[in-house]
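> Can you keep this structure in mind? I'll have questions shortly.
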Amino acid sequence: MNMRQSRWTPLVYLGPAVFLLFLLMVYPSLETIRLSFMDKRDTEFVGLENYDYAVTSPRMKEALGNNLLWLVVFTVGTVGLGLLIATLADRVRYESLAKAIIFMPMAISFVGAGVIWKFVYDLNPPGNPTQPGSQIGLLNAILVSLNPDDNLADLVDKFADEDIDISQASATTAIIDAETEAINAAVAAGELTQSQADELLDKLPDTARDFLHGDLPPQGENWQLLGRWANIVIDQINAAVAANPSLDGQTVCKIVPQACSREIEKVEEDAIDAAVDAGTLTEDRAEEMLDDLPEVALAYVKDNKRPSGSDWQTVDQWDTIITNTREINVRSANEVLDTGFEPIDWIRKGTINNFALIIVGVWIWTGFCMVVLSAGLKSVPKELLEAARVDGANELQAFFRITVPVLMPTITVVTTTMIITVLKVFDIVYVMTAGNFGTEVIANRMYLEMYGGDRQFGRASAIAVILMLAIIPLLIYNIYQFRKQEAYR
Amino acid sequence: MTAQAPRRSKIEWGQWFGHVFVQVALITILLMWILPTVGLLISSFRDQQDIASTGWWTALKTPLKFTQYTLDNYDAVINNPNYDMKRAFLNSLIITIPATFFPLLFASAAAYAFSWMKFRGQNLLFVIVVGLTIIPLQLTFIPVLTLFNDWGITNNDYIPYLGIWIAHTGYGLPYAIYLLRNFMGSLPKEIFESAFLDGCSHTTAFLRLALPLSIPAVASLVIFQFLWVWNDLLVALIYVGGGKNAPLTYALSGLVNSLGQDWHLLTAAAFVSMILPLLVFLSLQRFFVRGILAGSVKG
Amino acid sequence: MRKALVLITVLALAAAFFPHTAAPVAKVAQAQDDCVITFLTVWSGEDELPNWENMIKPFVEETGCTVEVESTRDIVPVLTTRVEAGNPPDIAGVPSFGAIRTFLEEGDVKPLDYLDMDRMSTQFGDTWMELGTYDGTLYGIFPRASLKSLIWYSPKAFEAAGYTVPATWDELLGLCETIVDDGSACFSIGLESGAASGWPATDWIEDIMLRTAGIEAYDAWVNHEIEWTSPEVTRAWETFGEIVGEEDYMYGGAAGTLSTNFGEAPCALFTDPPGAYLHRQASFIQSFIQDCPGGDQLVPGEDFDFFLFPPIDEAAGNPGLGGADLFVTFSDDENVKALVEFLTQPEALAGWLQGGGSGIATNREFPLDLYPDPLTRRAAELLNSVDSFRFDASDQMPGDVNQAFWTGTLSFVENSDDLTSILETIESAADAAYGQ
């Protein structure tokens with residue numbers, strides 16, 4: 001370039017940055033490279049031992065695989081969504097608001113991030129007797145609500161269909177009666193004031209009806225005093241079944257199949273074990289049968305379909321169970337409220353959990369991509385776009401023919417940033433799973449090698465050096481892009 | 001003439017459709033994005049038992065029942081007897097402002113040199129600088145802190161923040177240089193060439209041309225660097241420690257005890273710590289407007 | 001713009017030069033005038049820090065020293081960095097031994113040889129003295145402990161259902177069978193604990209190990225003198241499998257056990273009807289129980305109580321398992337010595353307990369009537385009266401092994417059939433960690 005530039009000018013401009021970088025990063029990196037060849041106490045040269053560990057140990061292999069998954073899904077997700085949102089937001093009047101919303105996750109520090117995703121991924125395991133199916137995790141709550149069979153109203157209806165003396169109206173009345181009594185008792189015991197009680201009594205009819213239709217029991221300390229709503233209805237069902245001698249177990253099982261199949265499973269498990277002990281079944285066959293049992297039991301209860309094969313006959317006690325199962329105990333009925341949907345353990349179930357973590361990452365980092373890409377978008381000349389439109393290009397064509405090529409340098413920058421972010425991804429994994437359940441990533445491994453207990457600085461350093469080497473091709477590509485850019489500017 | 005009328009309406013219909021599509025797609029994304037945060041916000045106004053036993057959306061079934069809301073969490077965070085939150089907030093500010101300003105200053109100078117100067121080893125130096133972004137910070141702590149202790153940068157009562165200012169400045173530089181060099185490098189060559197022909201020095205070109213023209217990039221970097229420093233806990237623990245000079249993140253993380261009790265307070269804590277970064281973001285958003293570049297080129 | 005540049009240059013220059021002059025001033029000032037002791041700990045939150053302040057109040061009043069508390073759950077990185085970089089805290093309280101062992105090997109920790117060893121060995125049990133000793137010298141103390149071998153239950157729920165407290169492991173299994181047949185779950189177990197998930201299960205296995213293989217095998221296991229794949233260790237896991245291998249025995253099954261936070265797990269005992277009847281956890285869980293929905297109404301000793309983990313093999317007896325934060329010093333300043341002296345006094349823990357904190361004094365001469373409630377008092381009595389007492393094994397193991405142990409228990413609860421490969425994985429971690 002044809003400008004006045006003494007030999008020292010670059011030094012003035014680069015000086016402070018280079019000095020600080022040397023102090024804070026280059027010098028420690030050199031130290032890191034040295035340590036990567038030393039043992040954990042920095043006393044002995046161990047050659048490539050740490051590198052060997054870094055590429056061959058099972059935890060590291062798992063980490064490398066997961067980072068690859070992160071690399072693809074996270075990078076495509078953040079850059080793609082960032083570009084999409086930047087483009088869309090560019091066309092609406094509430095652009096500032098839209099961008100602020102997408103950007104917000106970046107501003108939520110670690111302080112809230114763990115809690116925020118607990119409210120999304122949390123699992124309330126099935127079988128909770130106090131609040132059937134109550135999930136504080138949004139995703140599992142959605143799963144629960146998708147299930148049509150999970151509220152008491154349906155169960156009550158099914159009994160009413162079979163001419164058993166119970167209807168929605170009587171179930172609601174039962175709740176109101178029992179709760180009114182409990183409220184009055186609480187007033188007598190001094191646990192509630194009269195005005196509190198009046199307030200509760202006032203709301204009771206509505207809440208009872210809502211509860212029967214699938215709402216949770218009302219919250220709040222005063223309500224909590226007053227017993228368990230689901231039990232009231234189930235007691236009523238049990239009483240109705242007991243008062244109806246003509247009703248056979250078969251019918252009851254038709255109404256609440258899952259509860260009966262649970263009963264069958266329990267008895268059959270014992271029968272299978274006994275058959276193995278008696279030598280009439282081999283262990284292997286027994287294992288298989290135990291695996292099939294839940295499905296087989298449900299098929300029998302629902303469709304009266306018996307499993308074929310002499311093995312099953314050896315342990316056949318089903319009719320007796322069904323005949324005996326006229327009354328459904330509280331636990332089984334509660335399970336009915338829970339079964340039918342499968343709440344998922346999002347952060348512990350293999351495969352799903354990696355995606356669950358990546359989604360958190362995408363949620364946080366898309367805001368970053370959007371901000372940078374949006375700034376780039378503003379420099380795409382409007383005239384070019386107009387010209388393309390006049391030439392008959394539709395929006396999509398204009399986007400891919402004009403916007404994307406002009407934005408390419410910015411996209412490269414953002415993609416590079418995201419790749420580096422992925423290679424260093426740590427907080428999300430450390431906070432949510434600590435690398436357990438198959439979610440290990442490189443940076444978490446490195447952290448645990450350093451501080452997980454045994455201070456394996458050598459290994460941690462080797463992992464870091466591998467990371468440094470891994471991004472060199474990416475940097476060379478960037479330089480190549482810069483050269484190209486310089487040629488065109 | 002008559003042939004044109006239907007064609008135009010077709011285009012208008014297409015535009016209308018496109019417009020609706022944009023709105024629907026964007027609003028859907030926005031709703032999904034904000035949902036977890038809304039959950040956190042509502043939770044922050046619910047009491048401990050409710051948070052742990054029912055989903056936050058339960059509150060939305062009776063949104064106007066104000067008795068279900070409480071300010072207890074915010075009260076416990078802001079008026080905490082163990083931590084002086086106002087002091088911590090101030091500490092965070094004292095740490096964050098210089099730790100945002102200096103890296104931006106040094107990085108823009110360096111980025112300018114990389115973009116508009118020629119010197120030997122330029123590409124190699126650039127690769128090294130950018131390559132440093134991959135260095136895990138944890139690896140730098142011991143060597144750097146050892147130096148700082150020897151030089152008395154940390155552990156001095158006069159400028160207790162000097163160590164963390166330098167640290168954040170150094171840690172923020174590689175990425176800032178990378179992003180700014182990319183932006184400055186894409187500025188039109190003609191502007192600089194004509195400026196140099198007019199006898200303009202590098203100082204003038206840097207301060208009067210490169211910097212103002214890079215405002216969008218600088219503004220985004222200010223936001224990011226501000227956020228990183230504001231939300232950082234580990235670097236602060238290393239270079240300032242947890243005493244009276246500790247930042248807000250330290251005080252907020254201390255709301256939960258060593259066994260994880262009282263995590264519900266973190267709902268409110270998250271919003272307390274979020275306010276300032278969001279204000280910074282909103283106030284800098286005006287720099288991302290179209291035409292800055294075009295305007296200055298013409299002027 | 002130019003003005004700004006000048007200002008920046010001045011600031012930068014000031015930043016570059018100031019520290020050189022500032023350093024010695026700061027150091028001298030600290031040594032001569034005021035007495036400031038820095039204390040690094042994992043304690044935080046609304047209870048632990050005030051309890052600590054209350055505990056050291058007599059010391060502060062007497063000496064006029066300030067104890068500057070620095071608290072972080074990232075204690076290992078922070079402590080490692082500080083020690084290596086040359087500005088360690090004066091005193092640190094660390095939950096696991098892994099990190100401290102490295103400091104001991106490298107000579108960073110100061111010996112406590114200024115304490116009266118006769119007094120120490122009379123007042124503290126052998127276990128605590130041995131644990132604090134490295135290479136024949138005392139380096140660490142344990143001001144506050146918790147007893148882990150406790151099984152919590154609700155006497156009221158037991159009475160209502162007609163259950164009795166089991167005296168042996170077989171009776172315990174029989175009770176579980178009855179409870180499950182009656183339509184409830186036996187144990188509520190919660191293994192979720194963030195980055196340390198799995199630790200409650202390691203406590204289980206340690207309690208079982210003590211009661212099946214005996215204390216000698218337990219010690220050998222801690223020091224990796226017997227392998228993870230040995231019959232003793234395998235048997236302990238298998239015995240644990242008698243509970244966690246049964247989906248019905250656990251509240252919420254394996255999925256519930258893995259996803260429930262350890263602090264919320266006991267709550268299932270206090271619902272109506274109870275979700276489960278038993279919960280195995282250390283004495284500190286009392287404060288979590290009272291955080292459960294309606295937990296503030298629960299009366300210790302009436303609504304909730306505990307019994308000692310029952311013996312399994314008669315020959316092994318019924319040893320107690322406990323845990324504590326290890327306190328070590330990195331300074332031999334007189335004031336720090338005085339603080340250590342204070343912390344080892346018989347009544348040192350009184351202030352902590354007064355404020356409502358949970359914990360048991362390791363000093364045997366701590367007056368029992370200073371315990372705030374009958375449950376803690378009984379736990380303390382048990383701690384002093386059990387056949388013998390051992391410290392949490394996983395906390396003494398090298399960090400890598402501890403990590404692998406935590407993770408291994410999670411896999412085991414997920415699928416108890418994988419035991420062989422789980423133990424082989426931990427063994428390989430142990431092989432590497434102890435071998436060096």
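Just remember, in the structure tokens the first chain shown is A, the second B, etc., residues are 1-based per chain, and ligands are 1-based in the order shown.
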Determine, counting only C-alpha atoms, which protein, DNA and RNA residues have an atom within 6 Å of an atom of Lys148 of chain C; residues of the same chain fewer than 3 positions away are not included. Present the result as a ChimeraX atom specification.
/C:281-282,321-322
> Using only C-alpha atoms, which residues sit within 7 Å of Asp332 of chain C once same-chain residues fewer than 4 positions away are excluded, as a short mmCIF file (atom, residue, chain, number, x, y, z; two decimals) with C-alpha atoms, in the first residue's frame?

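Below is the file around02.cif, written as the result:
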data_model
loop_
_atom_site.label_atom_id
_atom_site.label_comp_id
_atom_site.auth_asym_id
_atom_site.auth_seq_id
_atom_site.Cartn_x
_atom_site.Cartn_y
_atom_site.Cartn_z
CA LYS C 110 1.85 -26.35 57.30
CA VAL C 336 -3.52 -18.67 62.30
CA LYS C 337 -2.07 -20.97 64.94
#
> Counting only C-alpha atoms, which of A:Phe482, A:Phe426, A:Phe45, A:Phe368 gets nearest to Leu83 of chain A?
A:Phe368
> Per residue of chain C within 7 Å of chain A, record the nearest atom pair and its distance in Å to one decimal, counting only C-alpha atoms, with rows in chain order and ascending residue number, as a tab-separated table.

residue	atom	partner	partner_atom	distance
C:Val76	CA	A:Tyr451	CA	5.9
C:Pro77	CA	A:Tyr451	CA	5.6
C:Gly98	CA	A:Gly453	CA	5.0
C:Ala99	CA	A:Gly453	CA	5.5
C:Gly183	CA	A:Arg331	CA	5.9
C:Gly194	CA	A:Val431	CA	6.2
C:Ala195	CA	A:Ala434	CA	4.5
C:Gly252	CA	A:Pro125	CA	5.0
C:Ala255	CA	A:Pro125	CA	6.4
C:Gly256	CA	A:Pro125	CA	4.7
C:Ser259	CA	A:Leu123	CA	6.6
C:Thr271	CA	A:Thr130	CA	6.6
C:Asp272	CA	A:Thr130	CA	6.9
C:Pro273	CA	A:Pro129	CA	6.9
C:Gly275	CA	A:Pro129	CA	6.0
C:Pro398	CA	A:Asp454	CA	5.9
C:Gly399	CA	A:Gly453	CA	3.3
C:Asp400	CA	A:Gly453	CA	5.7
C:Thr407	CA	A:Asn436	CA	6.4
> Hey, can you spit out that residue selection with C-alpha atoms as a PDB file, in the first residue's frame?

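Saved as out_16.pdb:
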ATOM      1  CA  VAL C  76     -10.338 -27.054  44.012  1.00  0.00           C
ATOM      2  CA  PRO C  77      -9.461 -24.872  41.002  1.00  0.00           C
ATOM      3  CA  GLY C  98      -7.756 -35.605  46.639  1.00  0.00           C
ATOM      4  CA  ALA C  99      -6.570 -32.042  46.202  1.00  0.00           C
ATOM      5  CA  GLY C 183     -48.436 -50.652  47.623  1.00  0.00           C
ATOM      6  CA  GLY C 194     -24.971 -31.519  39.819  1.00  0.00           C
ATOM      7  CA  ALA C 195     -21.354 -32.252  39.014  1.00  0.00           C
ATOM      8  CA  GLY C 252     -39.891 -43.484  41.214  1.00  0.00           C
ATOM      9  CA  ALA C 255     -35.447 -43.096  36.681  1.00  0.00           C
ATOM     10  CA  GLY C 256     -36.680 -41.351  39.796  1.00  0.00           C
ATOM     11  CA  SER C 259     -33.282 -37.644  38.469  1.00  0.00           C
ATOM     12  CA  THR C 271     -46.510 -37.061  52.008  1.00  0.00           C
ATOM     13  CA  ASP C 272     -49.904 -38.582  52.652  1.00  0.00           C
ATOM     14  CA  PRO C 273     -49.835 -41.452  51.839  1.00  0.00           C
ATOM     15  CA  GLY C 275     -44.359 -42.296  48.664  1.00  0.00           C
ATOM     16  CA  PRO C 398      -7.780 -39.794  44.601  1.00  0.00           C
ATOM     17  CA  GLY C 399     -10.077 -37.444  42.724  1.00  0.00           C
ATOM     18  CA  ASP C 400     -10.095 -39.502  39.543  1.00  0.00           C
ATOM     19  CA  THR C 407     -20.288 -42.125  37.750  1.00  0.00           C
TER      20      THR C 407
END
> Within 8 Å of chain C, which residues of chain B show up when using only C-alpha atoms, listed as a tab-separated table (two decimals) with N, CA and C atoms, in the first residue's frame?

chain	number	residue	atom	x	y	z
B	49	GLN	N	-41.98	-23.33	47.96
B	49	GLN	CA	-42.74	-24.58	47.85
B	49	GLN	C	-43.40	-24.71	46.49
B	81	PRO	N	-28.45	-10.60	54.11
B	81	PRO	CA	-27.65	-10.22	55.27
B	81	PRO	C	-26.18	-10.62	55.13
B	82	ASN	N	-25.88	-11.62	54.30
B	82	ASN	CA	-24.49	-12.09	54.20
B	82	ASN	C	-23.66	-11.36	53.17
B	141	PHE	N	-4.20	-19.71	34.36
B	141	PHE	CA	-4.32	-19.14	35.70
B	141	PHE	C	-3.03	-19.21	36.52
B	142	ILE	N	-2.46	-20.40	36.61
B	142	ILE	CA	-1.31	-20.54	37.51
B	142	ILE	C	-0.11	-19.73	37.04
B	143	PRO	N	0.33	-19.86	35.78
B	143	PRO	CA	1.49	-19.04	35.38
B	143	PRO	C	1.23	-17.55	35.52
B	145	LEU	N	-1.06	-15.89	37.40
B	145	LEU	CA	-1.22	-15.43	38.78
B	145	LEU	C	0.13	-15.41	39.50
B	146	THR	N	0.99	-16.38	39.18
B	146	THR	CA	2.32	-16.37	39.77
B	146	THR	C	3.06	-15.08	39.43
B	147	LEU	N	3.01	-14.70	38.15
B	147	LEU	CA	3.65	-13.44	37.73
B	147	LEU	C	3.02	-12.26	38.45
B	149	ASN	N	1.45	-12.12	41.22
B	149	ASN	CA	1.81	-12.07	42.64
B	149	ASN	C	3.23	-11.54	42.81
B	151	TRP	N	4.82	-9.54	40.89
B	151	TRP	CA	4.89	-8.12	40.56
B	151	TRP	C	4.01	-7.28	41.48
B	152	GLY	N	3.29	-7.93	42.37
B	152	GLY	CA	2.42	-7.17	43.28
B	152	GLY	C	1.18	-6.61	42.61
B	153	ILE	N	0.80	-7.17	41.48
B	153	ILE	CA	-0.40	-6.66	40.80
B	153	ILE	C	-1.65	-7.10	41.55
B	155	ASN	N	-3.38	-8.71	45.13
B	155	ASN	CA	-3.11	-8.55	46.56
B	155	ASN	C	-2.59	-7.19	46.95
B	156	ASN	N	-2.88	-6.16	46.18
B	156	ASN	CA	-2.51	-4.86	46.71
B	156	ASN	C	-3.78	-4.11	47.03
B	157	ASP	N	-3.74	-3.35	48.11
B	157	ASP	CA	-4.97	-2.72	48.59
B	157	ASP	C	-5.29	-1.44	47.83
B	158	TYR	N	-4.36	-0.99	46.97
B	158	TYR	CA	-4.57	0.29	46.34
B	158	TYR	C	-5.41	0.19	45.08
B	162	LEU	N	-6.59	-4.20	39.57
B	162	LEU	CA	-5.64	-4.12	38.47
B	162	LEU	C	-5.45	-5.49	37.81
B	207	LEU	N	-8.22	6.88	13.68
B	207	LEU	CA	-9.20	7.52	14.56
B	207	LEU	C	-10.38	8.12	13.80
B	237	LEU	N	-12.65	-14.91	40.77
B	237	LEU	CA	-12.20	-15.63	41.96
B	237	LEU	C	-10.69	-15.74	41.99
B	238	ILE	N	-10.10	-15.92	40.81
B	238	ILE	CA	-8.65	-16.09	40.74
B	238	ILE	C	-7.94	-14.76	40.98
B	241	GLY	N	-10.41	-12.54	44.02
B	241	GLY	CA	-10.78	-13.29	45.20
B	241	GLY	C	-12.21	-12.97	45.63
B	242	GLY	N	-12.60	-13.57	46.73
B	242	GLY	CA	-14.00	-13.47	47.13
B	242	GLY	C	-14.27	-12.46	48.23
B	243	GLY	N	-13.32	-11.61	48.53
B	243	GLY	CA	-13.51	-10.68	49.65
B	243	GLY	C	-14.45	-9.55	49.33
B	253	SER	N	-23.79	-16.31	43.61
B	253	SER	CA	-23.56	-17.75	43.73
B	253	SER	C	-23.53	-18.17	45.19
B	254	GLY	N	-23.21	-17.21	46.07
B	254	GLY	CA	-23.17	-17.51	47.49
B	254	GLY	C	-24.55	-17.58	48.15
B	255	LEU	N	-25.60	-17.32	47.37
B	255	LEU	CA	-26.95	-17.42	47.93
B	255	LEU	C	-27.31	-18.87	48.24
B	256	VAL	N	-26.71	-19.77	47.46
B	256	VAL	CA	-26.98	-21.19	47.62
B	256	VAL	C	-25.93	-21.75	48.56
B	257	ASN	N	-26.31	-22.61	49.48
B	257	ASN	CA	-25.28	-23.12	50.39
B	257	ASN	C	-24.51	-24.28	49.77
B	258	SER	N	-23.54	-24.79	50.50
B	258	SER	CA	-22.62	-25.75	49.89
B	258	SER	C	-23.33	-27.03	49.49
B	261	GLN	N	-28.81	-25.98	48.86
B	261	GLN	CA	-30.09	-25.52	49.38
B	261	GLN	C	-30.37	-24.09	48.92
B	262	ASP	N	-31.63	-23.74	48.84
B	262	ASP	CA	-32.06	-22.39	48.45
B	262	ASP	C	-31.81	-22.06	46.99
> Restrict the distance test to only C-alpha atoms, flag each residue of chain A within 6 Å of chain B, and return the flagged residues as a ChimeraX atom specification.
/A:3,10,13-14,17,20-21,24,28,88,107-109,111-112,116,136,375,378,489
> So the first atom is atom CA of Ile142 of chain A and the second is atom CA of Lys118 of chain A; what is the distance between them in Å, to one decimal place?
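Here the two named atoms are 14.7 Å from each other.
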> For Asn335 of chain C, work out the shell of residues within 9 Å, counting only C-alpha atoms and skipping chain neighbours fewer than 3 positions away, then give it as a ChimeraX atom specification.
/C:35-37,63,65,332,338-340
> Given the selection you just returned, output its residues as a file containing C-alpha atoms, formatted as an mmCIF file, in the first residue's frame.

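And here's result-v6.cif as it stands now:
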data_model
loop_
_atom_site.group_PDB
_atom_site.id
_atom_site.type_symbol
_atom_site.label_atom_id
_atom_site.label_comp_id
_atom_site.auth_asym_id
_atom_site.auth_seq_id
_atom_site.Cartn_x
_atom_site.Cartn_y
_atom_site.Cartn_z
ATOM 1 C CA CYS C 35 -4.606 -9.295 61.885
ATOM 2 C CA VAL C 36 -6.459 -10.677 58.897
ATOM 3 C CA ILE C 37 -6.870 -14.394 58.421
ATOM 4 C CA THR C 63 -7.784 -11.613 69.360
ATOM 5 C CA CYS C 65 -8.551 -10.602 64.218
ATOM 6 C CA ASP C 332 2.258 -20.560 60.276
ATOM 7 C CA ALA C 338 -4.349 -19.370 67.477
ATOM 8 C CA LEU C 339 -7.351 -19.978 65.229
ATOM 9 C CA VAL C 340 -6.429 -23.642 64.806
#
